[in-house]
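Let me begin by presenting the structure, written as structure tokens, before commenting on it.
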Amino acid sequence: LQHAADSLIQVGISGSVDVLVRPGVYTSPDSSERVVYISGPITGSSTLNRLRFAPDVASGADRSNVILRRHGGTLEDGFVVAIASDHTTIESFTIQVTDSTIGAFQIPSAVWMTENLDSEVRSLLVDGFDLRVSIGIRFTQCTDDMSIVGNEVYRAEWGIEFNCRFADRLRVSDNFVTGTGSHANFQQVARDYGIRIAAISAADARVENNVVDLTDSRTYIALSIDSGPRPGFKRLTVSGNRILNWTTGNVPFGAAQAGIWVVGTSVDTRITNNLVSVTAGHQGTTRPYGIYIYQYYDNVLIAHNTVYSGGTGSAAFSIAQNPVNPNRLRFVNNIAVTETAFDEALRVEGSTQGLEADYNSYHTTSGI
């Protein structure tokens, strides 16, 4: 595979190119280097002239029998696959690490996309090898039109991270993440994520139909979307995501957590049809929120979400409005189920100006 990548880097492309891979296990010659490494732009690539690495379906290849595997070598980002070219797709491979002497969290990421535009990671299966991999799929220094679709990540400290300055038309959808988290000792503070999305500016981003299954996981935030103190996300859609099986004890000590955490939105944000089940917590800690919204600005809709919060000592829904520019937020047709006197169905921090809350169903012993 690397020979094909090297040829493309050397000669460029004049049309769309598919690198189709037959069934087999693929390594570097000594299994101590990346299996696929594209170190920079491909001459001639464009929106119309795309590069794609994928199984050769005609020869019977699919994700189950095309395996990209690395044993050892330098512990680097993109330990198995690293791509720094625009208009590039990698899809439908199994990604494996096999050196059992590598310590926990020592591999920065298994798949790394960096300095990309209009590129995609689709339908990969990434095995974090019992938390030896810190991040299963990682995006850094990317810009617009990026997609992370249909991937599965198992047993990595973090499942997926997208951490780029700009992210217009970002799509993160239909991914499955499980087995995340780091500390066997809950007395340690950790910052582990199922899926983390961070951008300074992002218009028309869509985060949809992802599943974070926290069975046997120890996680800080299951799904985080954060632009920091700025209202960076415009026309953001967060819909159809499911946070499942966050059970008692499966959170780090001393950390505030949430099933879905959204910070810094403005202009036409839609948070709809998500499901969060939280029965987690650690005695003496700030315990998880179901859905937490902070620093929102204008025209936000939170609708048709369901949160079950059982015995966590925190709110099913928590909304904290920007005090400088409070504006329209509609909180409608949601279901909140809380089980103890310490669990609020809905918590509103700061101004309630512009807040509409109607047609919601609350089951709780503590009220709002």
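In the structure tokens, each chain is lettered A, B, ... as it comes, each chain's residues begin at 1, and ligands are numbered from 1 in order of appearance.
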Check: Which neighbours of region 235-243 of chain A fall inside 7 Å, counting only C-alpha atoms, when residues of the same chain fewer than 4 positions from it are skipped, and could you give them as an MDAnalysis selection string?
Finding: chainID A and resid 203:213 222 259 267:277
Item checked: Selection: 7 Å around Thr140 (chain A), only C-alpha atoms, excl. self and same-chain fewer than 3 positions, as a ChimeraX atom specification -> /A:113-115,162-164
Item checked: Atom pair CA of Asp216 (chain A) / CA of Leu131 (chain A): separation (Å) ->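 It comes out at 12.3 Å.
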Next item on the list: Find the spatial neighbours of Asp127 (chain A), counting only C-alpha atoms, within a cut-off of 8 Å - ignore same-chain residues fewer than 2 positions away - and output them as a count of residues only.
Entry: 11
Checklist line | Which residue of A:Leu75, A:Ile67, A:Ala167, A:Val172 approaches Gly150 (chain A) most closely, using only C-alpha atoms | finding: A:Val172
Margin query: Could you list, as a PyMOL selection string, every residue within 12 Å of Glu33 (chain A), counting only C-alpha atoms and ignoring same-chain residues fewer than 6 positions away?
Written below: chain A and resi 2+26-27+68-82+97
Kindly save the residues from that selection, with N, CA and C atoms included, as a compact mmCIF listing (two decimals), in the first residue's frame.
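As a result, selection-v3.txt now contains:
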```txt
# COMPACT_ATOMS: atom_id res chain seq x y z
N GLN A 2 1.95 1.22 0.76
CA GLN A 2 2.79 2.41 0.81
C GLN A 2 3.46 2.69 -0.54
N TYR A 26 -2.03 -6.40 5.78
CA TYR A 26 -1.05 -5.50 5.19
C TYR A 26 -0.26 -4.82 6.30
N THR A 27 1.08 -4.88 6.16
CA THR A 27 1.98 -4.23 7.10
C THR A 27 3.05 -3.50 6.31
N LEU A 68 -5.17 -3.66 8.11
CA LEU A 68 -3.94 -2.86 8.14
C LEU A 68 -3.38 -2.98 9.55
N ARG A 69 -2.19 -3.57 9.64
CA ARG A 69 -1.67 -3.96 10.96
C ARG A 69 -0.24 -3.45 11.14
N ARG A 70 0.03 -2.91 12.31
CA ARG A 70 1.39 -2.52 12.67
C ARG A 70 1.74 -3.13 14.02
N HIS A 71 2.97 -3.60 14.12
CA HIS A 71 3.38 -4.24 15.36
C HIS A 71 4.04 -3.25 16.31
N GLY A 72 5.14 -2.62 15.91
CA GLY A 72 5.87 -1.75 16.82
C GLY A 72 6.44 -0.55 16.10
N GLY A 73 7.54 -0.02 16.64
CA GLY A 73 8.17 1.15 16.04
C GLY A 73 7.90 2.41 16.85
N THR A 74 8.17 3.56 16.23
CA THR A 74 7.99 4.85 16.89
C THR A 74 6.54 5.04 17.31
N LEU A 75 6.32 5.45 18.53
CA LEU A 75 4.96 5.67 19.03
C LEU A 75 4.53 7.06 18.59
N GLU A 76 3.82 7.14 17.48
CA GLU A 76 3.54 8.39 16.81
C GLU A 76 2.07 8.49 16.45
N ASP A 77 1.60 9.75 16.23
CA ASP A 77 0.25 9.95 15.72
C ASP A 77 0.10 9.22 14.39
N GLY A 78 -1.10 8.70 14.15
CA GLY A 78 -1.29 7.92 12.94
C GLY A 78 -0.40 6.70 12.94
N PHE A 79 -0.43 5.95 14.02
CA PHE A 79 0.47 4.81 14.18
C PHE A 79 0.33 3.83 13.03
N VAL A 80 -0.89 3.65 12.52
CA VAL A 80 -1.12 2.73 11.40
C VAL A 80 -1.37 3.49 10.10
N VAL A 81 -2.19 4.54 10.15
CA VAL A 81 -2.53 5.32 8.96
C VAL A 81 -2.39 6.80 9.29
N ALA A 82 -1.67 7.54 8.45
CA ALA A 82 -1.55 8.99 8.59
C ALA A 82 -1.69 9.63 7.21
N VAL A 97 -3.28 -2.94 16.07
CA VAL A 97 -1.97 -2.83 16.71
C VAL A 97 -1.74 -4.14 17.45
```
Checklist line | In region 58-177 of chain A, DSSP strand (DSSP E) residues written as a PyMOL selection string | finding: chain A and resi 66-70+81-83+88-91+94-97+107-114+120-122+125-127+133-140+147-149+152-154+158-163+171-173+176-177
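The smallest atom-to-atom distance between Gly232 (chain A) and any of A:Leu244, A:Ala320, A:Leu346, A:Val263, using only C-alpha atoms, is found for A:Val263.
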